[in-house]
Amino acid sequence: MTKQHLFEACIFDFDGVIVDTAGYHYMSWRKLASQLGFEFTEEQNEEMKGISRMDSLDVVLDIGNITATQEEKIKLAKQKNDWYREYLSNVDESAILPGVYNFLTELSDANIPFALGSASKNAGFIIPKLGISHLFHTILDGNDTTRSKPDPEVFIKAAESMKKAPSRVVVFEDSYKGLVAAQSAGFMSCGVGDPMVLANADFVIPTFEKFSIEVLSNQIDELEK
Ligand code: BG6
Ligand code: MG
């Protein structure tokens with residue numbers, strides 16, 4: 001007999017959830033800010049987690065009080081992405097965050113489908129280097145959507161691809177804006193990181209270490225009480 005779970009599928013954000021790339025995004029934006037002549041702090045970077053590259057650039061330029069034409073913006077975003085890709089040139093499975101691989105394989109063995117739902121246009125390029133692409137039912141990144149988080153487009157598309165209702169799907173996110181997206185479309189949400197920052201999640205885990213289907217089911221059980 002197959003055990004009934006309190007959820008039918010999962011959707012994972014990429015940067016900062018599956019893979020340890022959030023720091024490289026920050027380093028690249030900080031380098032750009034410094035080249036443009038101003039400081040860019042880790043706190044300011046928190047605001048940019050989850051949003052698209054061009055939306056992030058607007059935030060950075062705003063911080064530096066810099067106005068730029070569309071053409072200049074495209075050049076600046078390309079420069080940031082070139083640095084980001086340079087940082088990632090040797091990325092491999094060692095960049096997968098602790099506990100993630102075990103949880104993904106546990107889901108896979110239990111035939112619970114899961115998808116990737118990322119704002120990053122680089123996710124589709126990085127994920128094959130991690131050796132985990134085959135585990136995902138669907139991989140959707142910033143190239144597959146027209147609206148960026150906090151709009152829920154990427155999560156809705158991912159749930160549709162798995163033929164699951166959002167209310168039966170858990171979204172894993174490390175960004176406040178990604179959690180806003182999940183909640184606005186009726187998904188269950190699990191924050192990955194600091195509960196003070198991710199206060200809008202249904203529940204928060206520090207990392208996937210010691211995480212399992214059983215722990216997740218218990219968390220959902222608590223929610224439904
Ligand atoms: C999100 C990150 O996943 O992707 C953001 O949290 C990043 O920090 C965004 O800016 C877009 O990423 P990329 O790889 O398309 O520049
Ligand atoms: Mg993220």
# chains A, B, ... in the order shown; residues from 1 in each chain; ligands from 1
call {"tool": "residues_near_ligand", "arguments": {"ligand": "ligand 2", "cutoff": "6 Å", "atoms": "only C-alpha atoms and all ligand atoms", "output": "ChimeraX atom specification"}}
result
/A:13-17,49-50,173-175
call {"tool": "select_by_dssp", "arguments": {"residues": "range 20-183 of chain A", "states": "alpha helix (DSSP H)", "output": "ChimeraX atom specification"}}
result
/A:22-36,42-46,53-63,70-87,100-109,123-126,153-161,176-183
call {"tool": "residues_near_ligand", "arguments": {"ligand": "ligand 1", "cutoff": "7 Å", "atoms": "only C-alpha atoms and all ligand atoms", "output": "ChimeraX atom specification"}}
result
/A:13-15,22,25,48-53,56,81,118-123,142
call {"tool": "write_last_selection", "arguments": {"atoms": "C-alpha atoms", "output": "short mmCIF file (atom, residue, chain, number, x, y, z; two decimals), in the first residue's frame"}}
result
data_model
loop_
_atom_site.label_atom_id
_atom_site.label_comp_id
_atom_site.auth_asym_id
_atom_site.auth_seq_id
_atom_site.Cartn_x
_atom_site.Cartn_y
_atom_site.Cartn_z
CA ASP A 13 13.87 27.63 -5.77
CA PHE A 14 17.46 27.31 -7.03
CA ASP A 15 19.90 29.96 -5.75
CA ALA A 22 23.59 33.29 -3.46
CA HIS A 25 25.37 36.80 -6.91
CA MET A 48 17.36 41.34 -4.23
CA LYS A 49 17.11 37.66 -3.48
CA GLY A 50 14.57 35.98 -5.73
CA ILE A 51 14.09 38.81 -8.22
CA SER A 52 15.29 38.88 -11.84
CA ARG A 53 18.66 40.17 -13.02
CA SER A 56 18.12 43.54 -9.32
CA ASN A 81 26.64 38.08 -15.29
CA SER A 118 13.84 29.80 -10.34
CA ALA A 119 14.11 33.42 -11.46
CA SER A 120 17.66 32.82 -12.62
CA LYS A 121 18.46 32.63 -16.32
CA ASN A 122 21.55 30.64 -15.33
CA ALA A 123 19.77 27.83 -13.44
CA GLY A 142 14.03 32.81 -15.76
#
call {"tool": "atom_distance", "arguments": {"atom1": "CA of Asn90 in chain A", "atom2": "CA of Tyr26 in chain A"}}
result
17.9 Å
call {"tool": "atom_distance", "arguments": {"atom1": "CA of Val19 in chain A", "atom2": "CA of Ala199 in chain A"}}
result
21.8 Å
call {"tool": "closest_residue", "arguments": {"among": "A:Glu160, A:Pro150, A:Leu36, A:Tyr101", "to": "Asp55 in chain A", "atoms": "only C-alpha atoms"}}
result
A:Pro150
call {"tool": "closest_residue", "arguments": {"among": "A:Ser212, A:Thr41, A:Ser167, A:Gln79", "to": "Leu57 in chain A", "atoms": "only C-alpha atoms"}}
result
A:Gln79
